[in-house]
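So this block is coords.cif, mmCIF, C-alpha atoms:
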```cif
data_input
#
loop_
_atom_site.label_atom_id
_atom_site.label_comp_id
_atom_site.auth_asym_id
_atom_site.auth_seq_id
_atom_site.Cartn_x
_atom_site.Cartn_y
_atom_site.Cartn_z
CA MET A 1 16.67 19.91 0.25
CA ASN A 2 17.42 17.38 -2.46
CA ILE A 3 15.20 14.32 -1.85
CA ALA A 4 15.29 10.92 -3.55
CA LEU A 5 11.98 9.05 -3.38
CA ILE A 6 12.20 5.28 -3.85
CA ALA A 7 9.26 3.21 -5.13
CA GLY A 8 9.17 -0.34 -6.38
CA ALA A 9 5.72 -1.94 -6.16
CA ARG A 10 2.08 -0.99 -6.64
CA PRO A 11 1.39 -0.01 -2.99
CA ASN A 12 4.46 2.25 -3.15
CA PHE A 13 3.17 4.05 -6.23
CA VAL A 14 -0.14 4.89 -4.52
CA LYS A 15 1.68 6.48 -1.57
CA ILE A 16 4.33 8.24 -3.64
CA ALA A 17 1.83 9.96 -5.98
CA PRO A 18 0.39 12.59 -3.59
CA LEU A 19 3.71 13.13 -1.82
CA LEU A 20 5.65 13.71 -5.02
CA LYS A 21 3.04 16.22 -6.18
CA GLU A 22 3.19 18.08 -2.86
CA LEU A 23 6.98 18.21 -2.71
CA ARG A 24 7.28 19.40 -6.30
CA SER A 25 4.87 22.24 -5.55
CA ARG A 26 7.25 23.65 -2.91
CA PRO A 27 10.42 25.54 -3.89
CA ALA A 28 12.26 24.21 -0.81
CA PHE A 29 12.64 20.78 -2.45
CA ARG A 30 14.28 19.18 -5.44
CA THR A 31 13.07 15.63 -6.02
CA THR A 32 14.28 12.55 -7.85
CA LEU A 33 11.88 9.64 -8.31
CA ILE A 34 13.68 6.31 -8.49
CA HIS A 35 11.66 3.28 -9.59
CA THR A 36 13.42 0.07 -8.58
CA GLY A 37 11.43 -2.00 -11.09
CA GLN A 38 10.30 -4.58 -8.53
CA HIS A 39 6.93 -4.36 -10.28
CA TYR A 40 7.86 -3.71 -13.87
CA ASP A 41 5.29 -4.55 -16.55
CA ASP A 42 2.47 -2.34 -17.79
CA VAL A 43 -0.21 -4.11 -15.73
CA MET A 44 1.70 -3.96 -12.45
CA SER A 45 3.49 -0.65 -12.95
CA GLY A 46 2.78 1.43 -16.05
CA ARG A 47 -0.98 1.56 -15.65
CA PHE A 48 -0.67 2.63 -12.02
CA PHE A 49 1.62 5.50 -13.01
CA ARG A 50 -0.97 6.66 -15.53
CA ASP A 51 -3.96 6.23 -13.20
CA LEU A 52 -2.21 8.12 -10.42
CA GLU A 53 -0.90 10.79 -12.80
CA ILE A 54 2.71 10.22 -11.79
CA ASP A 55 5.34 11.55 -14.20
CA PRO A 56 7.70 8.88 -15.56
CA PRO A 57 10.42 8.09 -13.02
CA ASP A 58 13.70 9.96 -13.30
CA VAL A 59 15.52 6.64 -12.96
CA ASN A 60 14.34 3.04 -13.41
CA LEU A 61 16.65 0.41 -11.93
CA SER A 62 14.74 -2.42 -13.69
CA VAL A 63 15.56 -5.08 -11.10
CA GLY A 64 12.65 -7.33 -12.12
CA SER A 65 11.51 -10.51 -10.40
CA GLY A 66 13.43 -12.85 -8.14
CA SER A 67 13.54 -14.25 -4.64
CA HIS A 68 13.49 -11.91 -1.65
CA ALA A 69 17.28 -12.10 -1.40
CA GLU A 70 17.79 -11.60 -5.15
CA GLN A 71 15.51 -8.56 -5.34
CA THR A 72 16.95 -6.95 -2.22
CA ALA A 73 20.55 -7.50 -3.34
CA GLU A 74 19.91 -6.28 -6.87
CA VAL A 75 18.24 -3.06 -5.67
CA MET A 76 21.24 -2.38 -3.42
CA ARG A 77 23.74 -3.15 -6.17
CA ARG A 78 22.07 -0.86 -8.73
CA LEU A 79 21.09 1.91 -6.31
CA GLU A 80 24.44 2.37 -4.54
CA PRO A 81 26.38 4.05 -7.39
CA LEU A 82 23.40 6.28 -8.18
CA LEU A 83 23.10 7.58 -4.60
CA ALA A 84 26.86 7.87 -4.28
CA GLU A 85 26.94 10.09 -7.37
CA ARG A 86 23.90 12.25 -6.63
CA ARG A 87 24.26 12.48 -2.83
CA PRO A 88 20.68 13.49 -1.94
CA GLY A 89 20.16 15.06 1.46
CA LEU A 90 17.40 12.58 2.24
CA VAL A 91 16.12 9.28 0.88
CA LEU A 92 12.39 8.66 1.41
CA VAL A 93 11.19 5.05 1.37
CA VAL A 94 7.60 3.90 1.68
CA GLY A 95 5.84 0.81 2.94
CA ASP A 96 7.36 -2.61 3.55
CA VAL A 97 8.41 -4.22 0.27
CA ASN A 98 11.90 -5.47 -0.60
CA SER A 99 12.71 -2.19 -2.33
CA THR A 100 11.98 -0.35 0.91
CA VAL A 101 14.52 -2.12 3.09
CA ALA A 102 17.10 -2.38 0.30
CA ALA A 103 17.03 1.37 -0.38
CA ALA A 104 17.15 2.21 3.34
CA ILE A 105 20.21 0.03 3.98
CA THR A 106 22.00 1.37 0.90
CA ALA A 107 21.40 5.00 1.84
CA VAL A 108 22.41 4.63 5.48
CA LYS A 109 25.67 2.89 4.57
CA LEU A 110 26.47 5.88 2.34
CA GLY A 111 25.83 8.28 5.21
CA ILE A 112 22.55 9.56 3.72
CA ARG A 113 19.61 10.25 6.00
CA VAL A 114 16.49 8.08 5.55
CA GLY A 115 12.83 8.85 6.15
CA HIS A 116 10.38 5.95 6.40
CA ILE A 117 6.79 6.63 5.42
CA GLU A 118 4.25 4.24 6.98
CA ALA A 119 6.67 3.53 9.84
CA GLY A 120 5.85 1.60 13.00
CA LEU A 121 3.23 -0.78 11.65
CA ARG A 122 3.62 -4.23 13.19
CA SER A 123 1.81 -7.53 12.65
CA PHE A 124 4.05 -9.23 15.26
CA ASP A 125 4.34 -12.14 12.83
CA ARG A 126 7.94 -12.55 11.73
CA ALA A 127 6.97 -15.26 9.28
CA MET A 128 5.77 -12.37 7.08
CA PRO A 129 8.58 -11.02 4.89
CA GLU A 130 6.99 -7.59 5.14
CA GLU A 131 7.35 -7.60 8.93
CA ILE A 132 11.10 -8.14 8.67
CA ASN A 133 11.32 -5.30 6.14
CA ARG A 134 9.39 -2.97 8.47
CA ILE A 135 11.50 -3.72 11.52
CA LEU A 136 14.82 -3.38 9.72
CA THR A 137 13.83 -0.17 7.96
CA ASP A 138 12.58 1.49 11.14
CA SER A 139 15.69 0.46 13.06
CA ILE A 140 17.97 2.47 10.74
CA ALA A 141 15.70 5.34 9.62
CA HIS A 142 16.28 8.88 10.89
CA MET A 143 12.70 10.10 10.41
CA HIS A 144 9.57 8.02 10.99
CA PHE A 145 6.24 9.09 9.49
CA VAL A 146 3.37 7.11 11.02
CA THR A 147 -0.21 6.64 9.86
CA GLU A 148 -1.88 5.67 13.15
CA GLU A 149 -1.36 5.72 16.90
CA SER A 150 -0.26 2.07 17.04
CA GLY A 151 2.75 2.91 14.88
CA TRP A 152 3.80 5.62 17.32
CA GLN A 153 3.51 3.28 20.30
CA ASN A 154 5.37 0.44 18.56
CA LEU A 155 8.31 2.67 17.71
CA LEU A 156 8.55 4.04 21.24
CA ARG A 157 8.62 0.49 22.64
CA GLU A 158 11.45 -0.33 20.26
CA GLY A 159 13.50 2.61 21.52
CA VAL A 160 13.06 4.99 18.58
CA PRO A 161 13.62 8.59 19.77
CA LEU A 162 10.39 10.50 20.24
CA GLU A 163 11.63 13.49 18.26
CA SER A 164 12.03 11.35 15.12
CA ILE A 165 8.37 10.16 15.11
CA HIS A 166 5.73 12.18 13.27
CA LEU A 167 2.03 11.25 13.16
CA VAL A 168 1.01 12.59 9.75
CA GLY A 169 -1.95 10.53 8.51
CA ASN A 170 -2.20 8.18 5.57
CA LEU A 171 -0.98 8.84 2.03
CA MET A 172 -3.24 6.03 0.75
CA ILE A 173 -6.18 8.24 1.65
CA ASP A 174 -4.59 11.29 0.01
CA ALA A 175 -4.40 9.32 -3.24
CA LEU A 176 -7.94 7.99 -2.92
CA GLU A 177 -9.44 11.43 -2.33
CA ALA A 178 -7.37 13.15 -5.02
CA ALA A 179 -8.50 10.61 -7.60
CA ARG A 180 -12.14 10.46 -6.46
CA PRO A 181 -13.65 12.26 -9.50
CA ARG A 182 -11.81 9.90 -11.84
CA TRP A 183 -12.58 6.61 -10.09
CA GLU A 184 -16.20 7.65 -9.65
CA ALA A 185 -16.30 8.08 -13.44
CA SER A 186 -14.79 4.64 -14.12
CA THR A 187 -16.49 2.57 -16.84
CA ILE A 188 -15.60 -0.73 -15.14
CA PHE A 189 -19.24 -1.40 -14.23
CA GLU A 190 -20.39 -1.11 -17.84
CA ASP A 191 -17.37 -3.10 -18.98
CA LEU A 192 -18.30 -5.99 -16.66
CA GLY A 193 -22.07 -5.80 -17.18
CA LEU A 194 -22.74 -4.83 -13.56
CA GLU A 195 -26.11 -3.14 -13.46
CA PRO A 196 -26.69 -0.32 -10.93
CA GLY A 197 -27.62 -1.71 -7.53
CA ARG A 198 -26.50 -5.28 -8.33
CA PRO A 199 -24.82 -6.80 -5.23
CA PHE A 200 -21.36 -8.25 -5.70
CA ALA A 201 -18.26 -8.90 -3.64
CA LEU A 202 -14.62 -8.20 -4.43
CA LEU A 203 -11.76 -10.58 -3.65
CA THR A 204 -8.00 -9.93 -3.66
CA LEU A 205 -5.24 -12.36 -2.65
CA HIS A 206 -1.49 -12.06 -2.99
CA ARG A 207 0.31 -13.06 0.23
CA PRO A 208 2.53 -16.15 -0.13
CA SER A 209 0.94 -17.78 2.92
CA ASN A 210 -2.42 -17.72 1.12
CA VAL A 211 -1.53 -18.36 -2.51
CA ASP A 212 1.78 -20.26 -2.68
CA ASP A 213 0.64 -23.09 -0.43
CA GLY A 214 -1.73 -25.18 -2.55
CA ARG A 215 -3.58 -26.58 0.46
CA ALA A 216 -4.11 -23.16 2.07
CA PHE A 217 -5.24 -21.70 -1.26
CA GLY A 218 -7.68 -24.58 -1.77
CA ARG A 219 -9.24 -24.10 1.67
CA LEU A 220 -9.74 -20.39 1.06
CA MET A 221 -11.20 -20.95 -2.37
CA GLY A 222 -13.59 -23.55 -0.98
CA ALA A 223 -15.14 -20.84 1.17
CA ILE A 224 -15.16 -18.43 -1.78
CA ASP A 225 -16.90 -21.02 -3.98
CA GLU A 226 -19.60 -21.45 -1.35
CA LEU A 227 -20.18 -17.70 -1.09
CA SER A 228 -20.17 -17.32 -4.87
CA GLU A 229 -23.36 -19.37 -5.02
CA ILE A 230 -25.12 -16.37 -3.44
CA LEU A 231 -23.63 -13.44 -5.37
CA PRO A 232 -20.90 -12.85 -7.95
CA ILE A 233 -17.42 -12.55 -6.46
CA LEU A 234 -15.02 -10.61 -8.66
CA PHE A 235 -11.42 -11.73 -8.37
CA PRO A 236 -8.81 -9.53 -10.09
CA ALA A 237 -6.01 -12.06 -9.79
CA HIS A 238 -2.37 -11.22 -9.19
CA PRO A 239 -0.17 -12.73 -11.96
CA ARG A 240 1.27 -15.18 -9.43
CA VAL A 241 -2.25 -16.46 -8.68
CA PHE A 242 -3.51 -17.05 -12.22
CA PRO A 243 -1.91 -20.48 -12.67
CA ARG A 244 -3.64 -21.79 -9.53
CA LEU A 245 -6.93 -20.15 -10.42
CA ALA A 246 -6.88 -21.66 -13.90
CA THR A 247 -7.12 -25.14 -12.41
CA ARG A 248 -10.41 -24.38 -10.62
CA ARG A 249 -13.53 -25.23 -12.58
CA SER A 250 -15.58 -22.81 -10.47
CA ALA A 251 -13.76 -19.76 -11.89
CA ARG A 252 -15.29 -18.24 -14.98
CA PRO A 253 -14.01 -15.41 -17.20
CA ALA A 254 -15.51 -11.95 -17.07
CA PRO A 255 -18.49 -11.40 -19.37
CA ALA A 256 -17.77 -9.77 -22.70
CA ARG A 257 -18.66 -6.12 -23.04
CA GLY A 258 -22.40 -5.82 -23.64
CA GLU A 259 -23.20 -8.98 -21.69
CA THR A 260 -24.65 -8.97 -18.18
CA MET A 261 -22.79 -10.17 -15.11
CA PRO A 262 -24.23 -13.54 -13.98
CA GLU A 263 -26.29 -13.68 -10.78
CA SER A 264 -23.59 -15.67 -9.01
CA GLY A 265 -20.21 -17.32 -9.45
CA LEU A 266 -16.52 -16.64 -9.10
CA VAL A 267 -15.43 -14.28 -11.88
CA ALA A 268 -11.72 -14.16 -12.68
CA LEU A 269 -10.42 -10.79 -13.88
CA GLU A 270 -7.07 -9.61 -15.16
CA PRO A 271 -5.21 -7.32 -12.70
CA LEU A 272 -6.99 -3.98 -12.51
CA GLY A 273 -5.66 -0.46 -12.59
CA TYR A 274 -5.97 1.75 -9.53
CA LEU A 275 -9.06 3.68 -10.64
CA ASP A 276 -11.07 0.61 -11.65
CA CYS A 277 -10.12 -1.25 -8.47
CA ILE A 278 -11.18 1.61 -6.18
CA ALA A 279 -14.40 2.04 -8.15
CA LEU A 280 -15.34 -1.63 -7.66
CA MET A 281 -14.32 -1.52 -4.03
CA SER A 282 -16.50 1.54 -3.37
CA ARG A 283 -19.69 -0.25 -4.48
CA ALA A 284 -18.94 -3.78 -3.30
CA ARG A 285 -21.25 -5.36 -0.73
CA PHE A 286 -18.11 -6.51 1.02
CA VAL A 287 -14.43 -7.06 0.22
CA LEU A 288 -12.42 -10.19 0.99
CA THR A 289 -8.67 -9.51 1.06
CA ASP A 290 -5.26 -10.15 2.56
CA SER A 291 -4.00 -6.69 1.54
CA GLY A 292 -3.04 -4.09 4.12
CA GLY A 293 -3.77 -1.15 1.84
CA ILE A 294 -7.26 -2.38 1.04
CA GLN A 295 -8.02 -2.61 4.76
CA GLU A 296 -7.29 1.14 4.87
CA GLU A 297 -9.16 2.08 1.71
CA THR A 298 -12.33 0.19 2.68
CA THR A 299 -12.23 1.89 6.08
CA VAL A 300 -12.50 5.32 4.47
CA LEU A 301 -14.98 4.14 1.82
CA GLY A 302 -17.22 2.65 4.52
CA VAL A 303 -17.26 -0.78 2.86
CA PRO A 304 -17.15 -3.95 5.03
CA CYS A 305 -13.76 -5.65 4.76
CA LEU A 306 -13.18 -9.28 5.72
CA THR A 307 -9.43 -9.79 6.10
CA LEU A 308 -8.23 -13.32 5.37
CA ARG A 309 -5.54 -13.20 8.03
CA SER A 310 -5.45 -13.82 11.78
CA GLY A 311 -3.83 -10.46 12.56
CA THR A 312 -3.19 -7.05 11.06
CA GLU A 313 -0.46 -4.44 11.26
CA ARG A 314 -3.20 -1.82 10.84
CA PRO A 315 -5.33 -2.27 13.99
CA VAL A 316 -7.04 1.09 13.59
CA THR A 317 -8.95 -0.39 10.63
CA VAL A 318 -10.58 -2.78 13.12
CA THR A 319 -11.14 -0.37 16.02
CA SER A 320 -12.12 2.68 13.96
CA GLY A 321 -12.91 1.18 10.58
CA THR A 322 -14.90 -1.47 8.78
CA ASN A 323 -12.34 -4.29 8.98
CA THR A 324 -13.00 -7.73 10.53
CA LEU A 325 -10.25 -10.31 10.86
CA VAL A 326 -11.70 -13.65 9.75
CA GLY A 327 -8.52 -15.74 9.41
CA SER A 328 -8.34 -18.68 7.02
CA ASP A 329 -10.90 -21.10 8.43
CA PRO A 330 -13.52 -21.65 5.68
CA ALA A 331 -16.45 -21.96 8.09
CA ARG A 332 -15.55 -18.68 9.79
CA ILE A 333 -15.14 -16.90 6.46
CA VAL A 334 -18.56 -18.02 5.24
CA GLU A 335 -20.21 -17.21 8.56
CA GLU A 336 -18.80 -13.67 8.72
CA ALA A 337 -19.62 -12.98 5.08
CA LEU A 338 -23.23 -14.11 5.52
CA TRP A 339 -23.55 -11.99 8.65
CA THR A 340 -22.21 -9.01 6.74
CA LEU A 341 -24.78 -9.54 4.00
CA ILE A 342 -27.74 -9.44 6.40
CA SER A 343 -26.49 -6.82 8.85
CA LYS A 344 -26.77 -3.08 8.42
CA PRO A 345 -23.39 -1.35 8.14
CA ARG A 346 -22.55 0.87 11.09
CA PRO A 347 -21.09 4.19 9.99
CA LYS A 348 -17.83 5.14 11.72
CA SER A 349 -15.66 8.21 11.62
CA PRO A 350 -12.34 7.72 9.82
CA PRO A 351 -9.19 7.41 11.95
CA PRO A 352 -7.51 10.64 13.07
CA LEU A 353 -5.69 12.55 10.30
CA TRP A 354 -6.98 10.26 7.54
CA ASP A 355 -8.27 13.36 5.80
CA GLY A 356 -6.32 13.55 2.55
CA ARG A 357 -3.66 15.95 3.90
CA ALA A 358 -0.86 13.57 4.92
CA ALA A 359 1.44 14.72 2.11
CA GLU A 360 1.04 18.31 3.24
CA ARG A 361 2.03 17.37 6.81
CA ILE A 362 5.05 15.35 5.67
CA ALA A 363 6.25 18.26 3.53
CA GLN A 364 5.88 20.63 6.46
CA VAL A 365 7.92 18.35 8.71
CA LEU A 366 10.63 18.15 6.05
CA GLU A 367 10.68 21.93 5.56
CA THR A 368 11.05 22.46 9.30
CA ALA A 369 13.83 19.87 9.47
CA ALA A 370 15.64 21.43 6.51
CA ALA A 371 15.41 24.89 8.08
CA GLY A 372 16.73 23.53 11.36
CA ARG A 373 19.70 21.85 9.68
CA SER A 374 20.44 25.04 7.73
CA GLU A 375 20.38 27.10 10.92
CA ALA A 376 22.65 24.59 12.65
CA ALA A 377 25.07 24.65 9.72
CA GLY A 378 25.04 28.44 9.71
CA ALA A 379 25.73 28.58 13.42
CA ALA A 380 28.60 26.11 13.06
CA ALA A 381 30.08 28.18 10.24
CA ALA A 382 29.81 31.35 12.31
CA ARG A 383 31.58 29.64 15.23
CA GLY A 384 34.32 28.53 12.87
CA GLN A 385 34.81 32.06 11.58
CA ARG A 386 35.04 33.44 15.11
CA GLU A 387 37.63 30.79 15.99
CA VAL A 388 39.70 31.71 12.90
CA ARG A 389 39.59 35.41 13.81
#
```
Any chance you could put this one into structure tokens?
Amino acid sequence: MNIALIAGARPNFVKIAPLLKELRSRPAFRTTLIHTGQHYDDVMSGRFFRDLEIDPPDVNLSVGSGSHAEQTAEVMRRLEPLLAERRPGLVLVVGDVNSTVAAAITAVKLGIRVGHIEAGLRSFDRAMPEEINRILTDSIAHMHFVTEESGWQNLLREGVPLESIHLVGNLMIDALEAARPRWEASTIFEDLGLEPGRPFALLTLHRPSNVDDGRAFGRLMGAIDELSEILPILFPAHPRVFPRLATRRSARPAPARGETMPESGLVALEPLGYLDCIALMSRARFVLTDSGGIQEETTVLGVPCLTLRSGTERPVTVTSGTNTLVGSDPARIVEEALWTLISKPRPKSPPPLWDGRAAERIAQVLETAAAGRSEAAGAAAARGQREVR
């Protein structure tokens, strides 16, 4: 089976890394890695490829930045002739970014089968661009690989055939476990002057509803400023967030190497690579985030996660993980964070199949499907020969 894997943004790279390695270890597959270039610079793309030990992409479409419509259209425009020429037997898309839905639509219109990894996740909030991407991708995909039971149930309710749904686990966890020796050896703590045992919190923000609206961003940061009086809060800021963060007097730069992290305060960091980010997350007292992937990673790391949203498309991180939905009300954020600081974490078992073997299961499903299609083709050919005779 000739498979084209499409990736465009940092969450895609994390999920693609273990799957690409698994598929390339099996003689049944030939793979082509296509990078759409939705995230394109060294900070947002190159460093992740190196940290995750992904070989350079076979093709880079270099679509760059733009509005949702511009990015989606440009991926489709540049990808169509490539797929038309190479005619892979399957296109695999991951996650819920613009590259995901653009690649899925392009492939299906060319008559190429599509597999969606991380299918079925639903926030039930159609104001989120990612939710639209998920729904559209799942509606046209031929194979649906789900990470948790809620994804299975959502797809069934939407009329997706049962035989196309495969509960395989979570590639984010495959990547985390495969890289464990390297992120455990990260020097980020020495680089930031974080002494062993020093409490700190980690903050990430990137969703437009939280960072593009100045009023919403200000309310969130008011809560963060209040909490930063108690312990340092490290904020590796997305490039889109830096201009807003620069206007806040409460934000201070990271200490120079050799200096000690201050006892408190909001510390602005440049975007981090994968290994350094996971290392910080693993030792944080708690994490404040609006990221779906971080909800999953903190669940497996056993670190309290306070999600700055009113809902989540990953409910298993709440029921079986360490995630608490705190919304955007500053008082609620501060209250939940303080409670987390004084309460003893309750250990929980990770969700089913979040064991670092999702890539292996996906590859097995694909091998079985390829064998089935080969047998069907062989049977059809045999019937044709009998009819000729």
Could you tell me which residues the PyMOL selection byres ((chain A and resi 3) around 9) grabs in this file, written as a count of residues only?
14
Compare A:Ile165, A:Ala7, A:Ala369, A:Leu192 by their minimum atom-to-atom distance to Ala103 (chain A), counting only C-alpha atoms, and give me the closest one.
A:Ala7
Can you list what the PyMOL selection byres ((chain A and resi 114-131) around 7) grabs from this structure, as a PyMOL selection string?
chain A and resi 90-97+104+107-108+112-113+132-135+138+141-147+151-152+154-155+311-314
Write to file, as a PDB file, keeping the file's coordinate frame, the residues of the selection just made, with C-alpha atoms.
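part34.pdb, written as the output of this step:
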```
ATOM      1  CA  LEU A  90      17.400  12.580   2.240  1.00  0.00           C
ATOM      2  CA  VAL A  91      16.120   9.280   0.880  1.00  0.00           C
ATOM      3  CA  LEU A  92      12.390   8.660   1.410  1.00  0.00           C
ATOM      4  CA  VAL A  93      11.190   5.050   1.370  1.00  0.00           C
ATOM      5  CA  VAL A  94       7.600   3.900   1.680  1.00  0.00           C
ATOM      6  CA  GLY A  95       5.840   0.810   2.940  1.00  0.00           C
ATOM      7  CA  ASP A  96       7.360  -2.610   3.550  1.00  0.00           C
ATOM      8  CA  VAL A  97       8.410  -4.220   0.270  1.00  0.00           C
ATOM      9  CA  ALA A 104      17.150   2.210   3.340  1.00  0.00           C
ATOM     10  CA  ALA A 107      21.400   5.000   1.840  1.00  0.00           C
ATOM     11  CA  VAL A 108      22.410   4.630   5.480  1.00  0.00           C
ATOM     12  CA  ILE A 112      22.550   9.560   3.720  1.00  0.00           C
ATOM     13  CA  ARG A 113      19.610  10.250   6.000  1.00  0.00           C
ATOM     14  CA  ILE A 132      11.100  -8.140   8.670  1.00  0.00           C
ATOM     15  CA  ASN A 133      11.320  -5.300   6.140  1.00  0.00           C
ATOM     16  CA  ARG A 134       9.390  -2.970   8.470  1.00  0.00           C
ATOM     17  CA  ILE A 135      11.500  -3.720  11.520  1.00  0.00           C
ATOM     18  CA  ASP A 138      12.580   1.490  11.140  1.00  0.00           C
ATOM     19  CA  ALA A 141      15.700   5.340   9.620  1.00  0.00           C
ATOM     20  CA  HIS A 142      16.280   8.880  10.890  1.00  0.00           C
ATOM     21  CA  MET A 143      12.700  10.100  10.410  1.00  0.00           C
ATOM     22  CA  HIS A 144       9.570   8.020  10.990  1.00  0.00           C
ATOM     23  CA  PHE A 145       6.240   9.090   9.490  1.00  0.00           C
ATOM     24  CA  VAL A 146       3.370   7.110  11.020  1.00  0.00           C
ATOM     25  CA  THR A 147      -0.210   6.640   9.860  1.00  0.00           C
ATOM     26  CA  GLY A 151       2.750   2.910  14.880  1.00  0.00           C
ATOM     27  CA  TRP A 152       3.800   5.620  17.320  1.00  0.00           C
ATOM     28  CA  ASN A 154       5.370   0.440  18.560  1.00  0.00           C
ATOM     29  CA  LEU A 155       8.310   2.670  17.710  1.00  0.00           C
ATOM     30  CA  GLY A 311      -3.830 -10.460  12.560  1.00  0.00           C
ATOM     31  CA  THR A 312      -3.190  -7.050  11.060  1.00  0.00           C
ATOM     32  CA  GLU A 313      -0.460  -4.440  11.260  1.00  0.00           C
ATOM     33  CA  ARG A 314      -3.200  -1.820  10.840  1.00  0.00           C
TER      34      ARG A 314
END
```
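Note that the spacing between CA of Leu110 (chain A) and CA of Val168 (chain A) amounts to 27.4 Å.
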Rows by chain and residue number, region 233-312 of chain A within 12 Å of region 337-348 of chain A, shortest pair, all atoms listed in the file, as CSV:
```
residue,atom,partner,partner_atom,distance
A:Ile233,CA,A:Ala337,CA,11.8
A:Ala284,CA,A:Leu341,CA,11.0
A:Arg285,CA,A:Leu341,CA,7.2
A:Phe286,CA,A:Thr340,CA,7.5
A:Val287,CA,A:Ala337,CA,9.3
A:Leu288,CA,A:Ala337,CA,8.7
A:Thr298,CA,A:Lys348,CA,11.7
A:Thr299,CA,A:Lys348,CA,8.6
A:Val300,CA,A:Lys348,CA,9.0
A:Leu301,CA,A:Pro347,CA,10.2
A:Gly302,CA,A:Pro347,CA,6.9
A:Val303,CA,A:Pro345,CA,8.1
A:Pro304,CA,A:Thr340,CA,7.4
A:Cys305,CA,A:Thr340,CA,9.3
A:Leu306,CA,A:Ala337,CA,7.5
A:Thr307,CA,A:Ala337,CA,10.7
A:Leu308,CA,A:Ala337,CA,11.4
```
Region 69-84 of chain A environment, 10 Å, all atoms listed in the file, sequence neighbours closer than 5 positions dropped, as a PyMOL selection string:
chain A and resi 4+6+8+34-38+59-64+91+97-107+109-112
Can I get the selection written as a PDB file, in the coordinates of the input, with C-alpha atoms?
```
ATOM      1  CA  ALA A   4      15.290  10.920  -3.550  1.00  0.00           C
ATOM      2  CA  ILE A   6      12.200   5.280  -3.850  1.00  0.00           C
ATOM      3  CA  GLY A   8       9.170  -0.340  -6.380  1.00  0.00           C
ATOM      4  CA  ILE A  34      13.680   6.310  -8.490  1.00  0.00           C
ATOM      5  CA  HIS A  35      11.660   3.280  -9.590  1.00  0.00           C
ATOM      6  CA  THR A  36      13.420   0.070  -8.580  1.00  0.00           C
ATOM      7  CA  GLY A  37      11.430  -2.000 -11.090  1.00  0.00           C
ATOM      8  CA  GLN A  38      10.300  -4.580  -8.530  1.00  0.00           C
ATOM      9  CA  VAL A  59      15.520   6.640 -12.960  1.00  0.00           C
ATOM     10  CA  ASN A  60      14.340   3.040 -13.410  1.00  0.00           C
ATOM     11  CA  LEU A  61      16.650   0.410 -11.930  1.00  0.00           C
ATOM     12  CA  SER A  62      14.740  -2.420 -13.690  1.00  0.00           C
ATOM     13  CA  VAL A  63      15.560  -5.080 -11.100  1.00  0.00           C
ATOM     14  CA  GLY A  64      12.650  -7.330 -12.120  1.00  0.00           C
ATOM     15  CA  VAL A  91      16.120   9.280   0.880  1.00  0.00           C
ATOM     16  CA  VAL A  97       8.410  -4.220   0.270  1.00  0.00           C
ATOM     17  CA  ASN A  98      11.900  -5.470  -0.600  1.00  0.00           C
ATOM     18  CA  SER A  99      12.710  -2.190  -2.330  1.00  0.00           C
ATOM     19  CA  THR A 100      11.980  -0.350   0.910  1.00  0.00           C
ATOM     20  CA  VAL A 101      14.520  -2.120   3.090  1.00  0.00           C
ATOM     21  CA  ALA A 102      17.100  -2.380   0.300  1.00  0.00           C
ATOM     22  CA  ALA A 103      17.030   1.370  -0.380  1.00  0.00           C
ATOM     23  CA  ALA A 104      17.150   2.210   3.340  1.00  0.00           C
ATOM     24  CA  ILE A 105      20.210   0.030   3.980  1.00  0.00           C
ATOM     25  CA  THR A 106      22.000   1.370   0.900  1.00  0.00           C
ATOM     26  CA  ALA A 107      21.400   5.000   1.840  1.00  0.00           C
ATOM     27  CA  LYS A 109      25.670   2.890   4.570  1.00  0.00           C
ATOM     28  CA  LEU A 110      26.470   5.880   2.340  1.00  0.00           C
ATOM     29  CA  GLY A 111      25.830   8.280   5.210  1.00  0.00           C
ATOM     30  CA  ILE A 112      22.550   9.560   3.720  1.00  0.00           C
TER      31      ILE A 112
END
```
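CA of Arg361 (chain A) sits 20.9 Å away from CA of Glu53 (chain A).
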Near Arg252 (chain A), within 9 Å and counting all atoms listed in the file, which residues show up once chain neighbours fewer than 5 positions away are dropped, as a PyMOL selection string?
chain A and resi 265-269
Which polymer residues have any atom within 12 Å of an atom of Arg26 (chain A), counting only C-alpha atoms, with same-chain residues fewer than 2 positions away left out, as an NGL selection string?
:A and (1-2 or 19-24 or 28-31 or 359-360 or 363-364 or 366-367)
Run the PyMOL selection byres ((chain A and resi 276-278) around 10) on the file and write out the hits as a list in words.
Asp51, Leu176, Ala179, Arg180, Arg182, Trp183, Glu184, Ala185, Ser186, Thr187, Ile188, Phe189, Leu202, Pro236, Pro271, Leu272, Gly273, Tyr274, Leu275, Ala279, Leu280, Met281, Ser282, Arg283, Ala284, Ile294, Glu297, Thr298 and Leu301 of chain A
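Minimum atom-to-atom distances from A:Asp329, A:Phe49, A:Ala175, A:Gly258 to Ala9 (chain A) were compared using only C-alpha atoms, and the lowest value belongs to A:Phe49.
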Which value, in Å to one decimal, gives the distance between CA of Ile54 (chain A) and CA of Phe13 (chain A)?
8.3 Å
Among listed residues A:Ser65, A:Pro232, A:Asp225, A:Gly292, nearest Phe200 (chain A) (using only C-alpha atoms)
A:Pro232
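For the choices A:Arg157, A:Leu136, A:Ser291, A:Glu270, the atom-to-atom distance to Arg207 (chain A) is smallest for A:Ser291 when using all atoms listed in the file.
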